[in-house]
$ cat start_9.csv   # CSV, C-alpha atoms
chain,number,residue,atom,x,y,z
E,1197,MET,CA,-117.7,140.5,-1.2
E,1198,THR,CA,-115.7,137.9,0.8
E,1199,GLY,CA,-117.0,135.1,-1.5
E,1200,LEU,CA,-115.8,137.0,-4.5
E,1201,LEU,CA,-112.3,137.4,-3.0
E,1202,LYS,CA,-112.1,133.7,-2.2
E,1203,ASP,CA,-112.9,132.8,-5.8
E,1204,ARG,CA,-110.3,135.1,-7.5
E,1205,GLN,CA,-106.7,134.2,-8.4
E,1206,PRO,CA,-103.8,135.7,-6.5
E,1207,SER,CA,-102.0,138.7,-8.1
E,1208,PRO,CA,-98.2,138.3,-9.0
E,1209,LEU,CA,-97.2,140.0,-5.7
E,1210,GLN,CA,-99.6,137.8,-3.7
E,1211,LYS,CA,-98.2,134.7,-5.5
E,1212,ARG,CA,-94.7,135.6,-4.4
E,1213,VAL,CA,-95.8,136.2,-0.8
E,1214,LEU,CA,-97.6,132.8,-0.8
E,1215,ILE,CA,-94.4,131.1,-2.2
E,1216,VAL,CA,-92.3,132.6,0.6
E,1217,LEU,CA,-94.8,131.6,3.3
E,1218,ALA,CA,-95.2,128.1,1.9
E,1219,ALA,CA,-91.4,127.6,1.8
E,1220,LEU,CA,-91.0,128.9,5.4
E,1221,ASP,CA,-93.9,126.9,6.6
E,1222,ALA,CA,-92.3,123.7,5.2
E,1223,ARG,CA,-89.2,124.4,7.3
E,1224,HIS,CA,-90.9,125.8,10.4
E,1225,PRO,CA,-94.6,124.8,10.5
E,1226,GLY,CA,-97.0,127.1,12.4
E,1227,THR,CA,-94.5,129.9,12.8
E,1228,PRO,CA,-95.8,133.4,12.0
E,1229,VAL,CA,-93.6,135.4,9.6
E,1230,PRO,CA,-93.0,139.1,10.1
E,1231,THR,CA,-94.0,141.2,7.0
E,1232,ARG,CA,-90.7,143.0,7.2
E,1233,LEU,CA,-88.9,139.6,6.7
E,1234,ILE,CA,-91.2,138.9,3.7
E,1235,GLU,CA,-90.4,142.3,2.3
E,1236,ARG,CA,-86.6,141.6,2.6
E,1237,LEU,CA,-86.8,138.1,1.2
E,1238,LEU,CA,-88.8,139.3,-1.9
E,1239,THR,CA,-86.4,142.1,-2.5
E,1240,GLU,CA,-83.3,139.8,-2.2
E,1241,GLY,CA,-85.1,137.3,-4.5
E,1242,GLY,CA,-84.4,139.5,-7.5
E,1243,HIS,CA,-88.0,140.7,-8.1
E,1244,GLY,CA,-87.2,144.3,-7.5
E,1245,PRO,CA,-88.0,146.5,-4.5
E,1246,VAL,CA,-91.2,145.7,-2.6
E,1247,TYR,CA,-92.7,148.6,-0.6
E,1248,GLY,CA,-94.0,147.9,2.9
E,1249,PRO,CA,-97.4,149.7,2.4
E,1250,ASN,CA,-98.1,147.7,-0.8
E,1251,LEU,CA,-97.1,144.5,0.9
E,1252,ARG,CA,-99.3,145.1,3.9
E,1253,ALA,CA,-102.3,146.1,1.8
E,1254,SER,CA,-101.8,142.9,-0.3
E,1255,CYS,CA,-101.7,140.8,2.9
E,1256,ARG,CA,-105.0,142.4,4.1
E,1257,ARG,CA,-106.7,141.5,0.9
E,1258,MET,CA,-105.4,137.9,1.2
E,1259,GLU,CA,-106.7,137.8,4.8
E,1260,MET,CA,-110.1,138.9,3.5
E,1261,ALA,CA,-109.9,136.0,1.0
E,1262,GLY,CA,-109.2,133.6,3.8
E,1263,TRP,CA,-105.6,132.7,2.8
E,1264,LEU,CA,-103.8,134.4,5.7
E,1265,ARG,CA,-104.1,135.3,9.3
E,1266,THR,CA,-102.7,138.6,10.5
E,1267,LEU,CA,-101.0,138.6,13.9
E,1268,ARG,CA,-98.9,140.9,16.1
E,1269,ALA,CA,-95.6,139.6,17.4
E,1270,GLN,CA,-94.4,140.3,20.9
E,1271,ASN,CA,-92.6,143.4,19.6
E,1272,LEU,CA,-95.8,144.5,18.0
E,1273,GLN,CA,-94.5,143.9,14.5
E,1274,LEU,CA,-97.1,142.8,12.0
E,1275,ALA,CA,-96.8,139.0,11.1
E,1276,VAL,CA,-98.8,136.6,9.0
E,1277,GLU,CA,-99.3,132.9,8.7
E,1278,LEU,CA,-101.1,130.7,6.2
E,1279,THR,CA,-104.6,129.3,6.8
E,1280,ASP,CA,-105.5,125.8,5.7
E,1281,ALA,CA,-107.1,127.3,2.6
E,1282,GLY,CA,-104.0,129.4,2.0
E,1283,ARG,CA,-101.7,126.4,2.4
E,1284,LYS,CA,-103.8,124.5,-0.1
E,1285,LEU,CA,-103.5,127.3,-2.5
E,1286,ALA,CA,-99.7,128.0,-1.9
E,1287,THR,CA,-98.4,124.5,-2.0
E,1288,PRO,CA,-98.8,123.9,-5.8
E,1289,ILE,CA,-97.6,127.4,-6.5
E,1290,LEU,CA,-94.4,126.7,-4.5
E,1291,ALA,CA,-94.0,123.4,-6.3
E,1292,GLU,CA,-94.3,125.1,-9.7
E,1293,GLU,CA,-91.8,127.8,-8.7
E,1294,GLN,CA,-89.3,125.2,-7.5
E,1295,ALA,CA,-89.7,123.2,-10.7
E,1296,SER,CA,-89.1,126.3,-12.8
E,1297,GLN,CA,-86.0,127.2,-10.8
E,1298,MET,CA,-84.7,123.6,-11.1
E,1299,ALA,CA,-85.3,123.7,-14.9
E,1300,GLU,CA,-83.4,127.0,-15.2
E,1301,GLN,CA,-80.5,125.5,-13.2
E,1302,ARG,CA,-80.4,122.3,-15.2
E,1303,ALA,CA,-80.4,124.3,-18.5
E,1304,THR,CA,-77.1,125.9,-17.6
E,1305,GLU,CA,-75.4,123.3,-15.4
E,1306,VAL,CA,-72.1,121.9,-16.8
E,1307,ARG,CA,-71.2,118.3,-16.0
E,1308,VAL,CA,-68.0,116.7,-17.4
E,1309,LEU,CA,-68.3,113.0,-18.1
E,1310,PRO,CA,-65.8,110.7,-16.4
E,1311,LEU,CA,-63.9,108.5,-18.8
E,1312,ALA,CA,-61.9,106.2,-16.3
E,1313,THR,CA,-62.6,104.7,-12.9
E,1314,HIS,CA,-60.7,105.9,-9.9
E,1315,SER,CA,-59.6,102.3,-9.1
E,1316,GLN,CA,-58.9,101.4,-12.7
E,1317,ALA,CA,-60.9,98.2,-12.1
E,1318,ASP,CA,-61.7,96.0,-15.0
E,1319,GLU,CA,-65.2,94.6,-15.7
E,1320,ALA,CA,-64.6,91.2,-14.0
E,1321,ASP,CA,-66.9,91.8,-11.0
E,1322,ASP,CA,-70.3,93.4,-10.3
E,1323,ARG,CA,-70.3,96.3,-7.9
E,1324,PRO,CA,-73.2,97.9,-6.2
E,1325,VAL,CA,-74.3,101.4,-7.1
E,1326,GLU,CA,-77.4,103.4,-5.9
E,1327,LEU,CA,-79.3,105.3,-8.6
E,1328,ASP,CA,-82.4,107.2,-7.6
E,1329,ASP,CA,-83.0,105.1,-4.4
E,1330,ARG,CA,-82.5,101.8,-6.2
E,1331,TRP,CA,-79.4,99.6,-6.0
E,1332,HIS,CA,-77.9,97.9,-9.1
E,1333,LEU,CA,-75.1,95.4,-9.3
E,1334,VAL,CA,-73.2,96.1,-12.5
E,1335,CYS,CA,-69.7,95.8,-14.0
E,1336,ARG,CA,-70.0,98.7,-16.5
E,1337,GLY,CA,-72.1,101.7,-17.2
E,1338,ASP,CA,-72.5,103.2,-20.7
E,1339,TYR,CA,-73.7,106.8,-21.5
E,1340,VAL,CA,-75.7,106.2,-24.7
E,1341,ILE,CA,-76.5,108.9,-27.2
E,1342,ARG,CA,-79.0,107.8,-29.8
E,1343,LEU,CA,-79.1,109.3,-33.3
E,1344,ASP,CA,-82.4,111.0,-32.5
E,1345,GLY,CA,-80.7,112.9,-29.6
E,1346,THR,CA,-82.3,110.9,-26.7
E,1347,THR,CA,-80.0,109.5,-24.0
E,1348,CYS,CA,-80.0,106.6,-21.6
E,1349,LEU,CA,-77.7,104.7,-19.2
E,1350,GLN,CA,-76.8,101.1,-20.1
E,1351,LEU,CA,-75.9,99.0,-17.0
E,1352,TRP,CA,-74.2,95.7,-17.8
E,1353,ASN,CA,-73.5,92.9,-15.3
E,1354,THR,CA,-71.0,90.1,-15.6
E,1355,ALA,CA,-73.7,87.7,-16.9
E,1356,GLY,CA,-74.1,90.0,-20.0
E,1357,GLN,CA,-77.5,91.3,-18.9
E,1358,VAL,CA,-78.4,94.9,-19.5
E,1359,THR,CA,-80.6,97.4,-17.8
E,1360,ARG,CA,-81.4,100.7,-19.5
E,1361,LEU,CA,-82.4,103.8,-17.6
E,1362,GLU,CA,-84.0,106.6,-19.6
E,1363,GLY,CA,-83.2,110.2,-18.8
E,1364,ASP,CA,-82.2,113.5,-20.2
E,1365,PRO,CA,-78.5,114.2,-20.8
E,1366,LEU,CA,-77.9,115.8,-17.4
E,1367,GLN,CA,-79.7,113.0,-15.5
E,1368,VAL,CA,-77.8,110.3,-17.4
E,1369,ALA,CA,-74.5,112.2,-16.7
E,1370,THR,CA,-75.4,112.2,-12.9
E,1371,TRP,CA,-76.0,108.4,-13.0
E,1372,LEU,CA,-72.7,107.8,-14.9
E,1373,GLN,CA,-70.8,109.9,-12.3
E,1374,ALA,CA,-72.4,107.7,-9.5
E,1375,CYS,CA,-71.1,104.6,-11.4
E,1376,HIS,CA,-67.7,106.1,-11.7
E,1377,ASP,CA,-67.5,107.0,-8.0
E,1378,ALA,CA,-68.5,103.4,-7.2
E,1379,GLY,CA,-65.5,102.1,-9.0
E,1380,ILE,CA,-67.4,100.8,-12.0
E,1381,ALA,CA,-66.0,101.0,-15.5
E,1382,VAL,CA,-67.8,103.7,-17.6
E,1383,ARG,CA,-67.8,104.7,-21.3
E,1384,VAL,CA,-69.6,106.9,-23.8
E,1385,GLN,CA,-71.1,105.5,-27.0
E,1386,ILE,CA,-73.4,106.3,-29.9
E,1387,ASN,CA,-76.6,104.1,-30.0
E,1388,GLU,CA,-77.5,101.1,-27.8
E,1389,SER,CA,-75.5,97.9,-28.0
E,1390,ALA,CA,-76.8,94.4,-27.9
E,1391,ALA,CA,-73.7,92.9,-26.3
E,1392,PRO,CA,-71.1,94.3,-23.9
E,1393,GLU,CA,-68.3,94.1,-26.4
E,1394,GLU,CA,-70.2,95.6,-29.4
E,1395,GLY,CA,-68.6,98.7,-30.9
E,1396,SER,CA,-65.5,98.5,-28.7
E,1397,PRO,CA,-62.3,99.9,-30.4
E,1398,ASP,CA,-59.7,97.4,-31.5
E,1399,GLY,CA,-57.1,98.8,-29.2
E,1400,THR,CA,-55.0,100.4,-31.9
E,1401,ALA,CA,-52.6,103.0,-30.4
E,1402,PRO,CA,-53.5,106.6,-31.3
E,1403,ALA,CA,-51.5,108.0,-34.2
E,1404,ASP,CA,-50.0,111.5,-34.7
E,1405,LEU,CA,-51.6,112.9,-37.8
E,1406,THR,CA,-49.3,115.9,-38.2
E,1407,GLY,CA,-47.6,114.3,-41.2
E,1408,THR,CA,-50.9,113.8,-43.0
E,1409,TRP,CA,-52.0,117.4,-42.1
E,1410,TYR,CA,-48.7,118.8,-43.5
E,1411,ARG,CA,-49.0,116.8,-46.8
E,1412,GLN,CA,-52.5,117.9,-47.4
E,1413,LEU,CA,-51.7,121.5,-46.6
E,1414,ASP,CA,-48.7,121.4,-49.0
E,1415,THR,CA,-50.8,119.9,-51.8
E,1416,ALA,CA,-53.6,122.4,-51.3
E,1417,LEU,CA,-51.1,125.3,-51.3
E,1418,GLN,CA,-49.5,124.0,-54.5
E,1419,ALA,CA,-52.9,123.9,-56.1
E,1420,LEU,CA,-53.1,127.6,-55.4
E,1421,GLY,CA,-49.7,128.1,-57.0
E,1422,ILE,CA,-47.9,128.6,-53.6
E,1423,THR,CA,-44.6,126.7,-53.3
E,1424,GLY,CA,-41.6,126.6,-51.1
E,1425,LEU,CA,-42.4,124.0,-48.3
E,1426,THR,CA,-39.2,122.0,-48.3
E,1427,GLU,CA,-38.3,118.6,-46.8
E,1428,ASP,CA,-36.4,120.4,-44.0
E,1429,ILE,CA,-39.5,122.4,-43.1
E,1430,ARG,CA,-41.6,119.2,-43.1
E,1431,LEU,CA,-39.2,117.5,-40.7
E,1432,ALA,CA,-39.1,120.5,-38.4
E,1433,VAL,CA,-42.9,120.4,-38.2
E,1434,VAL,CA,-43.6,116.7,-38.1
E,1435,SER,CA,-40.6,115.8,-35.8
E,1436,PRO,CA,-40.2,119.1,-33.8
E,1437,GLU,CA,-37.5,119.8,-31.3
E,1438,ALA,CA,-38.5,119.7,-27.7
E,1439,SER,CA,-39.3,123.4,-27.4
E,1440,LEU,CA,-41.9,123.2,-30.2
E,1441,ARG,CA,-43.5,119.9,-29.3
E,1442,MET,CA,-46.3,121.4,-27.3
E,1443,LEU,CA,-47.3,123.8,-30.1
E,1444,PRO,CA,-50.1,122.9,-32.4
E,1445,ALA,CA,-49.1,122.2,-36.0
E,1446,PRO,CA,-50.0,125.6,-37.5
E,1447,ALA,CA,-48.0,127.4,-34.8
E,1448,ARG,CA,-45.0,125.1,-35.4
E,1449,LEU,CA,-45.1,125.8,-39.1
E,1450,LEU,CA,-45.1,129.5,-38.6
E,1451,HIS,CA,-42.3,129.3,-36.2
E,1452,VAL,CA,-40.2,127.4,-38.7
E,1453,LEU,CA,-41.1,129.7,-41.6
E,1454,ARG,CA,-39.9,132.8,-39.7
E,1455,ASP,CA,-36.3,131.5,-40.2
E,1456,ALA,CA,-36.8,130.1,-43.7
E,1457,ASP,CA,-37.1,131.7,-47.2
E,1458,PRO,CA,-40.6,133.1,-47.9
E,1459,LEU,CA,-43.0,130.9,-49.9
E,1460,THR,CA,-43.4,132.0,-53.5
E,1461,VAL,CA,-46.5,132.3,-55.7
E,1462,ALA,CA,-47.1,133.0,-59.4
E,1463,THR,CA,-50.4,134.8,-59.0
E,1464,TYR,CA,-51.3,138.1,-57.5
E,1465,GLU,CA,-52.4,138.3,-53.9
E,1466,GLU,CA,-55.9,139.7,-54.7
E,1467,ASP,CA,-56.5,136.7,-57.0
E,1468,THR,CA,-55.6,134.2,-54.3
E,1469,GLU,CA,-56.4,135.7,-50.9
E,1470,ALA,CA,-60.0,134.5,-50.6
E,1471,ALA,CA,-59.2,130.9,-51.5
E,1472,LEU,CA,-56.1,131.0,-49.3
E,1473,ALA,CA,-58.0,132.3,-46.3
E,1474,ASP,CA,-60.6,129.6,-46.7
E,1475,LEU,CA,-57.8,126.9,-47.0
E,1476,LEU,CA,-56.0,128.1,-43.8
E,1477,THR,CA,-59.3,128.2,-41.8
E,1478,ARG,CA,-60.1,124.7,-42.8
E,1479,ALA,CA,-56.5,123.7,-41.9
E,1480,GLY,CA,-56.9,124.9,-38.4
E,1481,PHE,CA,-55.1,128.3,-38.5
E,1482,THR,CA,-56.4,131.0,-36.3
E,1483,GLY,CA,-57.2,134.4,-37.8
E,1484,ASP,CA,-53.9,135.9,-36.6
E,1485,GLN,CA,-51.9,132.9,-37.8
E,1486,ALA,CA,-53.5,133.0,-41.2
E,1487,GLN,CA,-52.8,136.7,-41.5
E,1488,GLU,CA,-49.1,136.2,-40.6
E,1489,LEU,CA,-48.7,133.5,-43.2
E,1490,GLN,CA,-50.5,135.6,-45.9
E,1491,TRP,CA,-48.8,138.9,-45.1
E,1492,HIS,CA,-45.3,138.0,-44.0
E,1493,ARG,CA,-44.5,134.4,-45.0
E,1494,ILE,CA,-45.4,134.6,-48.8
E,1495,ARG,CA,-43.5,136.7,-51.3
E,1496,TRP,CA,-46.3,138.0,-53.6
E,1497,PRO,CA,-45.5,139.3,-57.1
E,1498,LEU,CA,-45.9,143.0,-57.5
E,1499,MET,CA,-48.5,144.2,-60.0
E,1500,ASP,CA,-47.4,146.7,-62.6
E,1501,GLN,CA,-49.4,149.8,-63.2
E,1502,GLU,CA,-50.9,148.7,-66.5
E,1503,GLU,CA,-52.2,145.4,-65.0
E,1504,ALA,CA,-53.7,147.4,-62.1
E,1505,ASP,CA,-55.4,149.8,-64.6
E,1506,ARG,CA,-56.8,146.9,-66.7
E,1507,ARG,CA,-58.3,145.4,-63.6
E,1508,GLU,CA,-59.9,148.7,-62.6
E,1509,LEU,CA,-61.4,149.1,-66.1
E,1510,ASN,CA,-62.7,145.5,-66.0
E,1511,SER,CA,-64.2,146.1,-62.6
E,1512,LEU,CA,-66.0,149.2,-63.9
E,1513,LEU,CA,-67.4,147.4,-66.9
E,1514,ASP,CA,-68.5,144.5,-64.7
E,1515,GLU,CA,-70.4,146.9,-62.5
E,1516,LEU,CA,-72.0,148.5,-65.5
E,1517,GLU,CA,-73.1,145.1,-66.8
E,1518,GLN,CA,-74.6,144.3,-63.4
E,1519,ARG,CA,-76.8,147.4,-64.0
E,1520,GLN,CA,-77.6,146.2,-67.5
E,1521,LEU,CA,-75.4,148.7,-69.4
E,1522,TYR,CA,-73.4,146.8,-72.0
E,1523,CYS,CA,-70.7,147.7,-74.6
E,1524,ASN,CA,-68.1,146.2,-76.9
E,1525,ARG,CA,-65.8,145.7,-73.9
E,1526,GLY,CA,-63.1,143.8,-75.8
E,1527,GLN,CA,-62.7,146.6,-78.4
E,1528,LEU,CA,-62.9,149.3,-75.8
E,1529,THR,CA,-60.2,147.7,-73.5
E,1530,GLU,CA,-57.9,147.1,-76.5
E,1531,ILE,CA,-58.0,150.7,-77.7
E,1532,VAL,CA,-57.8,152.2,-74.1
E,1533,PHE,CA,-54.5,150.3,-73.6
E,1534,SER,CA,-53.3,150.7,-77.1
E,1535,PRO,CA,-49.4,150.9,-77.4
E,1536,VAL,CA,-49.8,154.1,-79.4
E,1537,ARG,CA,-51.3,156.1,-76.5
E,1538,LYS,CA,-49.4,159.1,-75.2
E,1539,PRO,CA,-46.7,158.3,-72.7
E,1540,GLY,CA,-48.0,158.7,-69.1
E,1541,GLU,CA,-51.6,159.1,-70.3
E,1542,ARG,CA,-54.0,157.8,-67.6
E,1543,TRP,CA,-56.5,155.2,-68.8
E,1544,THR,CA,-59.4,157.3,-67.6
E,1545,ASP,CA,-58.2,160.3,-69.7
E,1546,ARG,CA,-57.9,158.2,-72.8
E,1547,MET,CA,-61.3,156.6,-72.2
E,1548,GLN,CA,-62.9,160.1,-71.9
E,1549,TRP,CA,-61.5,161.0,-75.3
E,1550,LEU,CA,-62.5,157.7,-76.9
E,1551,LEU,CA,-66.1,157.9,-75.6
E,1552,MET,CA,-66.5,161.4,-77.0
E,1553,THR,CA,-65.6,160.1,-80.4
E,1554,ASP,CA,-67.2,156.6,-80.5
E,1555,ALA,CA,-70.1,154.9,-78.7
E,1556,PHE,CA,-68.4,151.5,-78.6
E,1557,GLY,CA,-71.7,149.8,-78.9
E,1558,PHE,CA,-73.1,151.0,-75.5
E,1559,ARG,CA,-76.7,149.7,-75.1
E,1560,SER,CA,-79.1,148.8,-72.5
E,1561,PRO,CA,-82.5,146.9,-72.2
E,1562,LEU,CA,-83.5,149.6,-69.7
E,1563,SER,CA,-85.1,153.0,-70.3
E,1564,ARG,CA,-83.0,156.1,-70.1
E,1565,ASP,CA,-84.4,156.9,-66.6
E,1566,ALA,CA,-83.8,153.4,-65.3
E,1567,GLY,CA,-80.2,153.5,-66.5
E,1568,SER,CA,-79.4,156.7,-64.6
E,1569,ARG,CA,-77.5,154.9,-61.8
E,1570,ALA,CA,-75.2,153.1,-64.3
E,1571,LEU,CA,-74.5,156.5,-65.9
E,1572,ALA,CA,-73.7,158.0,-62.5
E,1573,ILE,CA,-71.1,155.3,-61.9
E,1574,LEU,CA,-69.6,155.9,-65.3
E,1575,ALA,CA,-69.4,159.6,-64.7
E,1576,GLY,CA,-67.2,158.9,-61.6
E,1577,TYR,CA,-64.5,157.8,-64.0
E,1578,THR,CA,-65.1,159.9,-67.2
E,1579,GLY,CA,-66.7,163.1,-65.8
E,1580,GLN,CA,-70.2,164.3,-66.2
E,1581,GLU,CA,-69.7,165.8,-69.6
E,1582,VAL,CA,-68.7,162.5,-71.2
E,1583,ALA,CA,-71.6,160.6,-69.4
E,1584,ASP,CA,-74.1,163.2,-70.6
E,1585,HIS,CA,-72.8,162.8,-74.2
E,1586,LEU,CA,-72.9,159.0,-74.0
E,1587,ALA,CA,-76.5,159.1,-72.6
E,1588,ARG,CA,-77.5,160.7,-75.9
E,1589,VAL,CA,-75.9,158.0,-78.1
E,1590,ILE,CA,-76.6,154.9,-76.0
E,1591,VAL,CA,-79.3,152.6,-77.5
E,1592,TRP,CA,-82.0,152.7,-74.8
E,1593,ASN,CA,-85.2,150.7,-74.6
E,1594,ASP,CA,-87.5,153.6,-74.0
E,1595,ALA,CA,-90.1,152.1,-76.3
E,1596,GLY,CA,-90.2,148.9,-74.3
E,1597,ALA,CA,-90.5,150.9,-71.1
E,1598,VAL,CA,-93.6,152.6,-72.4
E,1599,ALA,CA,-95.2,149.4,-73.4
E,1600,GLY,CA,-94.3,147.7,-70.2
E,1601,THR,CA,-92.1,145.0,-71.9
E,1602,SER,CA,-88.7,144.8,-73.3
E,1603,SER,CA,-87.8,143.8,-76.9
E,1604,PHE,CA,-84.1,144.6,-76.4
E,1605,PRO,CA,-81.9,141.6,-77.1
E,1606,ARG,CA,-79.9,140.2,-74.2
E,1607,PRO,CA,-76.1,139.9,-74.8
E,1608,HIS,CA,-76.4,136.1,-75.4
E,1609,GLU,CA,-79.3,136.6,-77.9
E,1610,GLU,CA,-77.3,138.7,-80.3

$ encode --input "start_9.csv" --output "structure tokens"
Amino acid sequence: MTGLLKDRQPSPLQKRVLIVLAALDARHPGTPVPTRLIERLLTEGGHGPVYGPNLRASCRRMEMAGWLRTLRAQNLQLAVELTDAGRKLATPILAEEQASQMAEQRATEVRVLPLATHSQADEADDRPVELDDRWHLVCRGDYVIRLDGTTCLQLWNTAGQVTRLEGDPLQVATWLQACHDAGIAVRVQINESAAPEEGSPDGTAPADLTGTWYRQLDTALQALGITGLTEDIRLAVVSPEASLRMLPAPARLLHVLRDADPLTVATYEEDTEAALADLLTRAGFTGDQAQELQWHRIRWPLMDQEEADRRELNSLLDELEQRQLYCNRGQLTEIVFSPVRKPGERWTDRMQWLLMTDAFGFRSPLSRDAGSRALAILAGYTGQEVADHLARVIVWNDAGAVAGTSSFPRPHEE
């Protein structure tokens, strides 16, 4: 029985106990550990509550396996210590646990890369820096990001010699920080360099691109038919007064437009809103800023009732076509909105009357049953009586449905 226990692997609870004992044994070799302390440490370790009877029973089984010795402290509390066999078993388990915790910590650790040395020293002299128990004499350190995503640290000395240390991004960042703290010049670059000066910027002073941003925005708005950005507005955004200088360009523009005439546009809002929203997003406007510009800083033309009705009819006919119910839509639209219709007559009322007198070429490559959803949509506008009448005069493809194929001509085949 004892031989079988010695050969088996520890349970999850026993592994956690062995990890605790191995960690404490490394700090205080040969010191027995009370089981109550183990119980508290396991609970505080985030593994959930550990009950004393279960823990003590598990320790007895590990004692039978030869991994622990059970002792009584002077206060008669139960205590345990690792045997040589237990220490041999627990040491790699502890190392694996520590490696796992280190990996989790590194996966979420944030490290900001330094971009200038404390002493503002140039690269004229080599300075010592210790990296992983090894000293290097260098004048500059480069954080290198290769196109394949791997990283390394390039260490240059004044003789132009380079040493590259391979590491993951966090490790390289740690080395770069050590160089920075040692007063060594540091920089970040894409891909390795063959010479210290390779890839260095030409020293051109940074330029304010607000003017370019404004011109591109104005051009894009005009392409959508939106006008009204004047020279005065441009100057107020590109060369703002002191109170606006700290605002980003979209916020500056909105601030100026609040005191200016609204922008104007020739098209209706629903025809432009999607393209405008995309444009403003690409121009750096936040959602609230884009909404303010679209809702409050543009004067949209009002749509008259007939235009709104035409759009509603076209939307209905588009939806019917998506469900493969077609008609002579040009003829139907022209007669629905004929100037001779009764004053105040709704387009839906006129279409009801028209569809009871003429089929307007309604047809479908589907069977009558397969077209029921399209008829239901139509009934929402014309009423069920008109839809039922139309169902009887529509040219359906019931013969094709029986045969399993369709001989009905598509609209582009007619």

$ residues_near_point --input "start_9.csv" --point "(-69.0, 160.6, -66.9)" --cutoff "12 Å" --atoms "all atoms listed in the file" --output "list of chain:residue names"
E:Thr1544, E:Asp1545, E:Met1547, E:Gln1548, E:Trp1549, E:Leu1551, E:Met1552, E:Ser1568, E:Arg1569, E:Ala1570, E:Leu1571, E:Ala1572, E:Ile1573, E:Leu1574, E:Ala1575, E:Gly1576, E:Tyr1577, E:Thr1578, E:Gly1579, E:Gln1580, E:Glu1581, E:Val1582, E:Ala1583, E:Asp1584, E:His1585, E:Leu1586, E:Ala1587

$ closest_residue --input "start_9.csv" --among "E:Leu1267, E:Val1532, E:Val1276, E:Leu1475" --to "Asp1221 of chain E" --atoms "all atoms listed in the file"
E:Val1276

$ closest_residue --input "start_9.csv" --among "E:Ala1504, E:Leu1453, E:Leu1417, E:Leu1290" --to "Trp1543 of chain E" --atoms "all atoms listed in the file"
E:Ala1504

$ residues_around --input "start_9.csv" --residues "Glu1259 of chain E" --least-positions-apart "4" --cutoff "12 Å" --atoms "only C-alpha atoms" --output "PyMOL selection string"
chain E and resi 1198+1201-1202+1206+1210+1214+1252-1255+1263-1267+1275-1279+1281-1282

$ residues_around --input "start_9.csv" --residues "segment 1438-1445 of chain E" --least-positions-apart "6" --cutoff "12 Å" --atoms "all atoms listed in the file" --output "CSV table (one decimal) with C-alpha atoms, in the frame of the given file"
chain,number,residue,atom,x,y,z
E,1404,ASP,CA,-50.0,111.5,-34.7
E,1405,LEU,CA,-51.6,112.9,-37.8
E,1406,THR,CA,-49.3,115.9,-38.2
E,1407,GLY,CA,-47.6,114.3,-41.2
E,1408,THR,CA,-50.9,113.8,-43.0
E,1409,TRP,CA,-52.0,117.4,-42.1
E,1410,TYR,CA,-48.7,118.8,-43.5
E,1413,LEU,CA,-51.7,121.5,-46.6
E,1429,ILE,CA,-39.5,122.4,-43.1
E,1430,ARG,CA,-41.6,119.2,-43.1
E,1431,LEU,CA,-39.2,117.5,-40.7
E,1432,ALA,CA,-39.1,120.5,-38.4
E,1451,HIS,CA,-42.3,129.3,-36.2
E,1452,VAL,CA,-40.2,127.4,-38.7
E,1476,LEU,CA,-56.0,128.1,-43.8
E,1479,ALA,CA,-56.5,123.7,-41.9
E,1480,GLY,CA,-56.9,124.9,-38.4
E,1481,PHE,CA,-55.1,128.3,-38.5
E,1482,THR,CA,-56.4,131.0,-36.3
E,1485,GLN,CA,-51.9,132.9,-37.8

$ closest_residue --input "start_9.csv" --among "E:Cys1335, E:Leu1449, E:Ala1286, E:Val1368" --to "Val1434 of chain E" --atoms "all atoms listed in the file"
E:Leu1449

$ closest_residue --input "start_9.csv" --among "E:Ala1291, E:Val1216, E:Ala1555, E:Ala1403" --to "Glu1240 of chain E" --atoms "only C-alpha atoms"
E:Val1216

$ atom_distance --input "start_9.csv" --atom1 "atom CA of Glu1515 of chain E" --atom2 "atom CA of Glu1530 of chain E"
18.8 Å

$ atom_distance --input "start_9.csv" --atom1 "atom CA of Asn1510 of chain E" --atom2 "atom CA of Gly1421 of chain E"
23.5 Å

$ atom_distance --input "start_9.csv" --atom1 "atom CA of Phe1533 of chain E" --atom2 "atom CA of Gly1567 of chain E"
26.9 Å

$ closest_residue --input "start_9.csv" --among "E:Gln1205, E:Ser1563, E:Asn1387, E:Gln1412" --to "Ile1289 of chain E" --atoms "all atoms listed in the file"
E:Gln1205

$ residues_around --input "start_9.csv" --residues "segment 1491-1500 of chain E" --least-positions-apart "4" --cutoff "7 Å" --atoms "all atoms listed in the file" --output "ChimeraX atom specification"
/E:1453,1458-1465,1487,1504

$ write_last_selection --input "start_9.csv" --atoms "C-alpha atoms" --output "short mmCIF file (atom, residue, chain, number, x, y, z; two decimals), in the frame of the given file"
data_model
loop_
_atom_site.label_atom_id
_atom_site.label_comp_id
_atom_site.auth_asym_id
_atom_site.auth_seq_id
_atom_site.Cartn_x
_atom_site.Cartn_y
_atom_site.Cartn_z
CA LEU E 1453 -41.10 129.70 -41.60
CA PRO E 1458 -40.60 133.10 -47.90
CA LEU E 1459 -43.00 130.90 -49.90
CA THR E 1460 -43.40 132.00 -53.50
CA VAL E 1461 -46.50 132.30 -55.70
CA ALA E 1462 -47.10 133.00 -59.40
CA THR E 1463 -50.40 134.80 -59.00
CA TYR E 1464 -51.30 138.10 -57.50
CA GLU E 1465 -52.40 138.30 -53.90
CA GLN E 1487 -52.80 136.70 -41.50
CA ALA E 1504 -53.70 147.40 -62.10
#

$ residues_near_point --input "start_9.csv" --point "(-70.3, 106.1, -10.6)" --cutoff "12 Å" --atoms "all atoms listed in the file" --output "PyMOL selection string"
chain E and resi 1309-1315+1323-1327+1332-1339+1349+1351+1368-1383
